[in-house]
Amino acid sequence: MLTEEGKEELYLYSLKKMAEHNAATSRYNLTGLYGNNAFLYKGNECLRTHKDKKYALIRMDLYRFKTVNEFCGRSKGDALLIHIADCFRVYETELSIVGHLRADIFALCTPYQEIEDLIKIVTSLTEKITSFQISCKLLPAFGICISEYGMDVSLLSDYANLALQTIKGKVFSFYSFYDNDLRNSLMLEKKIENEITTALKEKQLEVHIQPKVNMKTGQIIGGEALVRWNHPHDGYLYPNLYIPVLEKSGYIVDVDIYVWTEVFQFLQKLIERGVTPLPISLNVSRLHEYQKDFVEVLCCLSREYKIPPNLITLEITESALAEDSTFLFQCMGKLQEKGFSFSMDDFGSGYSSMNMLKDEPLDEVKIDRLFLRNLGNSKSRTVIRHIIFMLAELGIDMIAEGVETKEQEQFLLECGCYKAQGYLYYKPMPLVDFEKLL
């Protein structure tokens, strides 16, 4: 019967034979480096043979490599790949394995002593790769995963790829490590994606309303619908934790429609109870421009719950409007014809275009809270004053968001802006509390 030591020797012998077979049959024709299978086998053999050393896997991918072939020609693209292979081949030794996994993806499984050693490798590779004479801008990105005992090269490569994807295409970041922070972030993303469907079915998502006020009278003039996730185990989750994940995965469309439905039902109940309803703003993700039934969904909700469209304002972020989507603007026009109104959210947050105010069908502009944070600066006051004057001249309604102090309120009133929402007046509240206010 084999001892544990004998089993280990037999495993290493089998691994070595498989690696030799794959290495002999799986070289990448263009570059001569190990292909994907050979790289995995040789890499695992290396990790098993040199257990006394610390290993890491570096994976590289070029941003938009296909455009190199399209604009510079296939022969130039092949020459670039050969150049990259030569840059990687410098690090090939008895202790390290270099691979050309596919297309523009290369990998290096190498021992190291300090993290700085790995950073020096990717820095040197970047300098050499980008020195290649070509008319296209080259943006190599590197994902790095430190080996832990028991992890095979395939897993290291997958983790390195996850790290790589976080910075691919970014000009000022060319490498990223797969570490606990990234792992926790990715696990959280997966958890949110896995649980959002159940959350919608079980109504874990709660609609809250933040009232809007007339600053001159203090009267409530409407509200904005916001979503809060009351998780059965984790309690209330911050929106900045899950909203970006939902936008990235596309689930934000389902969440939007869920919130819209809750608001239409709420308005219907107010009317049935004899309470005069106020207009409610609904947030609309930019992803709705890919939903061909976007207009019909809102019209159906209006008909089903017998809610006049003039009680609904649709808020779209400035960045979404700046994308110049013909379909989105067509949808806006159709909905406005039905009686819905549109508000540009986060105006001035970084993407503003005067053309949008001049040409696009906007009923209202929400002045971003960032403008109000530095009223002690005379330039900030001048910018806000002129924005308010311009909107008034254009005949576009306006509301300031994020009003938190009496100083901000007084300044806005002096400038001619009379509508606001913010913690100075009300925080977002459950629907039942908003109904009590009315």
# chains A, B, ... in the order shown; residues from 1 in each chain; ligands from 1

call {"tool": "residues_around", "arguments": {"residues": "Val90 of chain A", "least_positions_apart": "5", "cutoff": "12 Å", "atoms": "only C-alpha atoms", "output": "PyMOL selection string"}}
result
chain A and resi 33+83-85+96-98+108+110+121+124-125+128

call {"tool": "select_by_dssp", "arguments": {"residues": "segment 304-406 of chain A", "states": "strand (DSSP E or B)", "output": "compact mmCIF listing (two decimals) with C-alpha atoms, in the first residue's frame"}}
result
# COMPACT_ATOMS: atom_id res chain seq x y z
CA ILE A 312 -45.93 61.77 -12.01
CA THR A 313 -42.54 63.38 -12.69
CA LEU A 314 -39.86 61.15 -14.21
CA GLU A 315 -36.32 61.91 -13.06
CA ILE A 316 -33.44 61.06 -15.38
CA THR A 317 -29.84 61.81 -14.45
CA SER A 341 -43.28 65.54 -16.95
CA PHE A 342 -39.49 65.10 -16.94
CA SER A 343 -36.88 66.36 -14.52
CA MET A 344 -33.12 66.40 -15.07
CA ASP A 345 -31.56 64.99 -11.88
CA ASP A 346 -28.09 65.98 -10.60
CA PHE A 347 -27.83 69.00 -12.92
CA GLU A 364 -37.70 70.70 -14.52
CA VAL A 365 -34.07 70.78 -13.42
CA LYS A 366 -32.83 69.58 -10.03
CA ILE A 367 -29.83 71.64 -8.93
CA ASP A 397 -38.97 74.83 -13.40
CA MET A 398 -36.26 74.21 -10.82
CA ILE A 399 -35.75 72.61 -7.42
CA ALA A 400 -32.63 72.49 -5.22
CA GLU A 401 -31.76 69.16 -3.63

call {"tool": "residues_around", "arguments": {"residues": "Val403 of chain A", "least_positions_apart": "4", "cutoff": "12 Å", "atoms": "only C-alpha atoms", "output": "VMD selection string"}}
result
chain A and resid 212 to 213 215 366 to 373 375 399 407 to 413 417 to 427

call {"tool": "write_last_selection", "arguments": {"atoms": "N, CA and C atoms", "output": "tab-separated table (two decimals), in the first residue's frame"}}
result
chain	number	residue	atom	x	y	z
A	212	LYS	N	-40.92	67.31	-0.94
A	212	LYS	CA	-40.40	68.54	-1.53
A	212	LYS	C	-41.23	69.69	-0.95
A	213	VAL	N	-40.59	70.82	-0.72
A	213	VAL	CA	-41.29	71.92	-0.07
A	213	VAL	C	-41.16	73.22	-0.85
A	215	MET	N	-40.10	76.72	-0.16
A	215	MET	CA	-39.31	77.33	0.90
A	215	MET	C	-39.94	78.62	1.42
A	366	LYS	N	-33.19	69.67	-11.46
A	366	LYS	CA	-32.83	69.58	-10.03
A	366	LYS	C	-31.37	70.04	-9.88
A	367	ILE	N	-31.18	71.10	-9.12
A	367	ILE	CA	-29.83	71.64	-8.93
A	367	ILE	C	-29.09	70.76	-7.94
A	368	ASP	N	-27.95	70.21	-8.38
A	368	ASP	CA	-27.22	69.23	-7.58
A	368	ASP	C	-26.75	69.80	-6.25
A	369	ARG	N	-26.79	68.95	-5.23
A	369	ARG	CA	-26.41	69.37	-3.87
A	369	ARG	C	-24.97	69.84	-3.78
A	370	LEU	N	-24.11	69.39	-4.71
A	370	LEU	CA	-22.70	69.79	-4.67
A	370	LEU	C	-22.53	71.31	-4.79
A	371	PHE	N	-23.46	71.97	-5.48
A	371	PHE	CA	-23.37	73.42	-5.64
A	371	PHE	C	-23.53	74.16	-4.32
A	372	LEU	N	-24.25	73.54	-3.38
A	372	LEU	CA	-24.59	74.24	-2.14
A	372	LEU	C	-23.56	74.03	-1.03
A	373	ARG	N	-22.58	73.18	-1.26
A	373	ARG	CA	-21.66	72.81	-0.19
A	373	ARG	C	-20.61	73.86	0.11
A	375	LEU	N	-20.91	77.56	-0.13
A	375	LEU	CA	-21.49	78.89	-0.32
A	375	LEU	C	-20.59	79.99	0.21
A	399	ILE	N	-35.70	72.97	-8.83
A	399	ILE	CA	-35.75	72.61	-7.42
A	399	ILE	C	-34.33	72.29	-6.97
A	407	GLU	N	-28.82	78.92	5.96
A	407	GLU	CA	-28.02	79.78	5.09
A	407	GLU	C	-28.26	79.43	3.63
A	408	GLN	N	-28.27	78.12	3.32
A	408	GLN	CA	-28.53	77.68	1.95
A	408	GLN	C	-29.93	78.08	1.52
A	409	GLU	N	-30.90	77.90	2.40
A	409	GLU	CA	-32.29	78.25	2.08
A	409	GLU	C	-32.41	79.74	1.76
A	410	GLN	N	-31.81	80.57	2.61
A	410	GLN	CA	-31.92	82.01	2.42
A	410	GLN	C	-31.29	82.45	1.11
A	411	PHE	N	-30.12	81.87	0.79
A	411	PHE	CA	-29.43	82.23	-0.44
A	411	PHE	C	-30.26	81.85	-1.66
A	412	LEU	N	-30.84	80.66	-1.65
A	412	LEU	CA	-31.66	80.20	-2.77
A	412	LEU	C	-32.88	81.10	-2.97
A	413	LEU	N	-33.52	81.49	-1.88
A	413	LEU	CA	-34.68	82.37	-1.97
A	413	LEU	C	-34.29	83.72	-2.57
A	417	CYS	N	-34.97	80.84	-6.38
A	417	CYS	CA	-35.33	79.42	-6.38
A	417	CYS	C	-36.17	79.16	-5.14
A	418	TYR	N	-37.40	78.68	-5.32
A	418	TYR	CA	-38.33	78.56	-4.20
A	418	TYR	C	-38.65	77.13	-3.79
A	419	LYS	N	-38.23	76.15	-4.60
A	419	LYS	CA	-38.53	74.76	-4.27
A	419	LYS	C	-37.26	74.03	-3.82
A	420	ALA	N	-37.43	73.12	-2.87
A	420	ALA	CA	-36.26	72.40	-2.36
A	420	ALA	C	-36.67	71.08	-1.72
A	421	GLN	N	-35.68	70.23	-1.57
A	421	GLN	CA	-35.83	69.04	-0.73
A	421	GLN	C	-34.51	68.82	-0.03
A	422	GLY	N	-34.56	68.32	1.17
A	422	GLY	CA	-33.32	68.13	1.93
A	422	GLY	C	-33.60	67.92	3.40
A	423	TYR	N	-32.56	67.58	4.14
A	423	TYR	CA	-32.70	67.25	5.55
A	423	TYR	C	-33.13	68.43	6.41
A	424	LEU	N	-32.99	69.67	5.90
A	424	LEU	CA	-33.46	70.83	6.65
A	424	LEU	C	-34.98	70.73	6.86
A	425	TYR	N	-35.66	70.05	5.96
A	425	TYR	CA	-37.11	69.94	6.02
A	425	TYR	C	-37.55	68.54	6.42
A	426	TYR	N	-37.23	67.55	5.60
A	426	TYR	CA	-37.65	66.18	5.87
A	426	TYR	C	-36.62	65.19	5.35
A	427	LYS	N	-36.46	64.10	6.06
A	427	LYS	CA	-35.68	62.97	5.57
A	427	LYS	C	-36.64	62.04	4.82

call {"tool": "closest_residue", "arguments": {"among": "A:Asp61, A:Asp293, A:Gln113, A:Ile192", "to": "Glu247 of chain A", "atoms": "only C-alpha atoms"}}
result
A:Ile192

call {"tool": "residues_around", "arguments": {"residues": "Lys306 of chain A", "least_positions_apart": "2", "cutoff": "10 Å", "atoms": "only C-alpha atoms", "output": "list in words"}}
result
Phe264, Gln265, Leu267, Gln268, Ile271, Cys300, Leu301, Ser302, Arg303, Glu304, Pro308 and Pro309 of chain A

call {"tool": "write_last_selection", "arguments": {"atoms": "N, CA and C atoms", "output": "PDB file, in the first residue's frame"}}
result
ATOM      1  N   PHE A 264     -47.811  54.157  -7.766  1.00  0.00           N
ATOM      2  CA  PHE A 264     -49.127  54.269  -8.394  1.00  0.00           C
ATOM      3  C   PHE A 264     -50.206  53.703  -7.471  1.00  0.00           C
ATOM      4  N   GLN A 265     -49.910  52.574  -6.820  1.00  0.00           N
ATOM      5  CA  GLN A 265     -50.864  51.985  -5.875  1.00  0.00           C
ATOM      6  C   GLN A 265     -51.105  52.932  -4.703  1.00  0.00           C
ATOM      7  N   LEU A 267     -50.805  56.244  -4.626  1.00  0.00           N
ATOM      8  CA  LEU A 267     -51.597  57.394  -5.058  1.00  0.00           C
ATOM      9  C   LEU A 267     -53.077  57.013  -5.204  1.00  0.00           C
ATOM     10  N   GLN A 268     -53.310  55.801  -5.708  1.00  0.00           N
ATOM     11  CA  GLN A 268     -54.690  55.330  -5.844  1.00  0.00           C
ATOM     12  C   GLN A 268     -55.375  55.253  -4.471  1.00  0.00           C
ATOM     13  N   ILE A 271     -56.341  58.710  -3.173  1.00  0.00           N
ATOM     14  CA  ILE A 271     -57.538  59.222  -3.856  1.00  0.00           C
ATOM     15  C   ILE A 271     -58.789  58.537  -3.316  1.00  0.00           C
ATOM     16  N   CYS A 300     -49.551  52.006 -18.943  1.00  0.00           N
ATOM     17  CA  CYS A 300     -50.388  50.930 -18.397  1.00  0.00           C
ATOM     18  C   CYS A 300     -50.632  51.132 -16.897  1.00  0.00           C
ATOM     19  N   LEU A 301     -49.574  51.533 -16.167  1.00  0.00           N
ATOM     20  CA  LEU A 301     -49.720  51.789 -14.733  1.00  0.00           C
ATOM     21  C   LEU A 301     -50.684  52.939 -14.492  1.00  0.00           C
ATOM     22  N   SER A 302     -50.596  53.964 -15.324  1.00  0.00           N
ATOM     23  CA  SER A 302     -51.487  55.110 -15.193  1.00  0.00           C
ATOM     24  C   SER A 302     -52.942  54.700 -15.421  1.00  0.00           C
ATOM     25  N   ARG A 303     -53.171  53.858 -16.432  1.00  0.00           N
ATOM     26  CA  ARG A 303     -54.537  53.408 -16.737  1.00  0.00           C
ATOM     27  C   ARG A 303     -55.057  52.457 -15.659  1.00  0.00           C
ATOM     28  N   GLU A 304     -54.198  51.501 -15.259  1.00  0.00           N
ATOM     29  CA  GLU A 304     -54.631  50.469 -14.313  1.00  0.00           C
ATOM     30  C   GLU A 304     -55.043  51.065 -12.972  1.00  0.00           C
ATOM     31  N   PRO A 308     -53.787  60.231 -12.888  1.00  0.00           N
ATOM     32  CA  PRO A 308     -53.482  61.205 -13.935  1.00  0.00           C
ATOM     33  C   PRO A 308     -51.961  61.354 -14.109  1.00  0.00           C
ATOM     34  N   PRO A 309     -51.461  61.314 -15.330  1.00  0.00           N
ATOM     35  CA  PRO A 309     -50.009  61.414 -15.565  1.00  0.00           C
ATOM     36  C   PRO A 309     -49.384  62.695 -14.997  1.00  0.00           C
TER      37      PRO A 309
END

call {"tool": "residues_around", "arguments": {"residues": "segment 385-390 of chain A", "least_positions_apart": "4", "cutoff": "7 Å", "atoms": "only C-alpha atoms", "output": "JSON, numbers by chain"}}
result
{"A": [381, 394, 415, 416, 417]}

call {"tool": "closest_residue", "arguments": {"among": "A:Asp181, A:Glu195, A:Asp256, A:Asp158", "to": "Ala107 of chain A", "atoms": "only C-alpha atoms"}}
result
A:Asp158

call {"tool": "closest_residue", "arguments": {"among": "A:Ile220, A:Leu246, A:Ile280, A:Val153", "to": "Ala38 of chain A", "atoms": "only C-alpha atoms"}}
result
A:Val153

call {"tool": "select_by_dssp", "arguments": {"residues": "segment 118-278 of chain A", "states": "alpha helix (DSSP H)", "output": "PyMOL selection string"}}
result
chain A and resi 118-130+153-165+180-201+239-249+252-272

call {"tool": "residues_around", "arguments": {"residues": "Leu335 of chain A", "least_positions_apart": "3", "cutoff": "10 Å", "atoms": "only C-alpha atoms", "output": "mmCIF file with C-alpha atoms, in the first residue's frame"}}
result
data_model
loop_
_atom_site.group_PDB
_atom_site.id
_atom_site.type_symbol
_atom_site.label_atom_id
_atom_site.label_comp_id
_atom_site.auth_asym_id
_atom_site.auth_seq_id
_atom_site.Cartn_x
_atom_site.Cartn_y
_atom_site.Cartn_z
ATOM 1 C CA PHE A 294 -40.658 51.731 -21.525
ATOM 2 C CA VAL A 295 -43.477 54.100 -22.563
ATOM 3 C CA GLU A 296 -46.171 51.439 -22.448
ATOM 4 C CA LEU A 298 -45.839 53.758 -17.500
ATOM 5 C CA CYS A 299 -49.005 54.309 -19.531
ATOM 6 C CA PRO A 309 -50.009 61.414 -15.565
ATOM 7 C CA LEU A 314 -39.855 61.147 -14.213
ATOM 8 C CA PHE A 329 -35.667 61.438 -26.248
ATOM 9 C CA GLN A 330 -38.432 59.983 -28.424
ATOM 10 C CA CYS A 331 -39.826 58.196 -25.357
ATOM 11 C CA MET A 332 -39.691 61.414 -23.366
ATOM 12 C CA LYS A 338 -49.591 61.792 -22.371
ATOM 13 C CA GLY A 339 -49.135 64.302 -19.517
ATOM 14 C CA PHE A 340 -46.026 63.023 -17.719
ATOM 15 C CA SER A 341 -43.275 65.535 -16.953
ATOM 16 C CA PHE A 342 -39.488 65.103 -16.941
#

call {"tool": "residues_around", "arguments": {"residues": "Thr67 of chain A", "least_positions_apart": "2", "cutoff": "12 Å", "atoms": "only C-alpha atoms", "output": "VMD selection string"}}
result
chain A and resid 62 to 65 69 to 74 76 to 77 104 134 to 138

call {"tool": "write_last_selection", "arguments": {"atoms": "C-alpha atoms", "output": "mmCIF file, in the first residue's frame"}}
result
data_model
loop_
_atom_site.group_PDB
_atom_site.id
_atom_site.type_symbol
_atom_site.label_atom_id
_atom_site.label_comp_id
_atom_site.auth_asym_id
_atom_site.auth_seq_id
_atom_site.Cartn_x
_atom_site.Cartn_y
_atom_site.Cartn_z
ATOM 1 C CA LEU A 62 -4.863 44.455 -23.910
ATOM 2 C CA TYR A 63 -7.732 46.930 -23.999
ATOM 3 C CA ARG A 64 -9.563 46.786 -27.357
ATOM 4 C CA PHE A 65 -7.005 44.626 -29.118
ATOM 5 C CA ASN A 69 -6.173 44.481 -36.188
ATOM 6 C CA GLU A 70 -8.913 46.637 -37.709
ATOM 7 C CA PHE A 71 -6.989 49.918 -37.922
ATOM 8 C CA CYS A 72 -3.394 48.755 -38.190
ATOM 9 C CA GLY A 73 -3.805 45.483 -40.068
ATOM 10 C CA ARG A 74 -3.565 41.826 -39.082
ATOM 11 C CA LYS A 76 0.871 44.501 -37.451
ATOM 12 C CA GLY A 77 -1.351 42.918 -34.816
ATOM 13 C CA ASP A 104 -4.056 39.035 -26.550
ATOM 14 C CA ILE A 134 2.215 51.324 -33.634
ATOM 15 C CA SER A 135 -0.337 54.031 -34.383
ATOM 16 C CA CYS A 136 -2.899 52.677 -31.885
ATOM 17 C CA LYS A 137 -2.653 53.528 -28.195
ATOM 18 C CA LEU A 138 -1.776 50.405 -26.197
#

call {"tool": "closest_residue", "arguments": {"among": "A:Cys145, A:Ala320, A:Ile221, A:Phe434", "to": "Ser157 of chain A", "atoms": "only C-alpha atoms"}}
result
A:Cys145

call {"tool": "atom_distance", "arguments": {"atom1": "atom CA of Tyr236 of chain A", "atom2": "atom CA of Thr166 of chain A"}}
result
27.2 Å

call {"tool": "atom_distance", "arguments": {"atom1": "atom CA of Glu193 of chain A", "atom2": "atom CA of Val432 of chain A"}}
result
28.9 Å

call {"tool": "atom_distance", "arguments": {"atom1": "atom CA of Thr130 of chain A", "atom2": "atom CA of Ser173 of chain A"}}
result
14.1 Å

call {"tool": "closest_residue", "arguments": {"among": "A:Thr31, A:Ser319, A:Asn230, A:Gln210", "to": "Arg286 of chain A", "atoms": "only C-alpha atoms"}}
result
A:Ser319

call {"tool": "closest_residue", "arguments": {"among": "A:Leu357, A:Asp152, A:Val284, A:Leu270", "to": "Leu438 of chain A", "atoms": "only C-alpha atoms"}}
result
A:Leu270
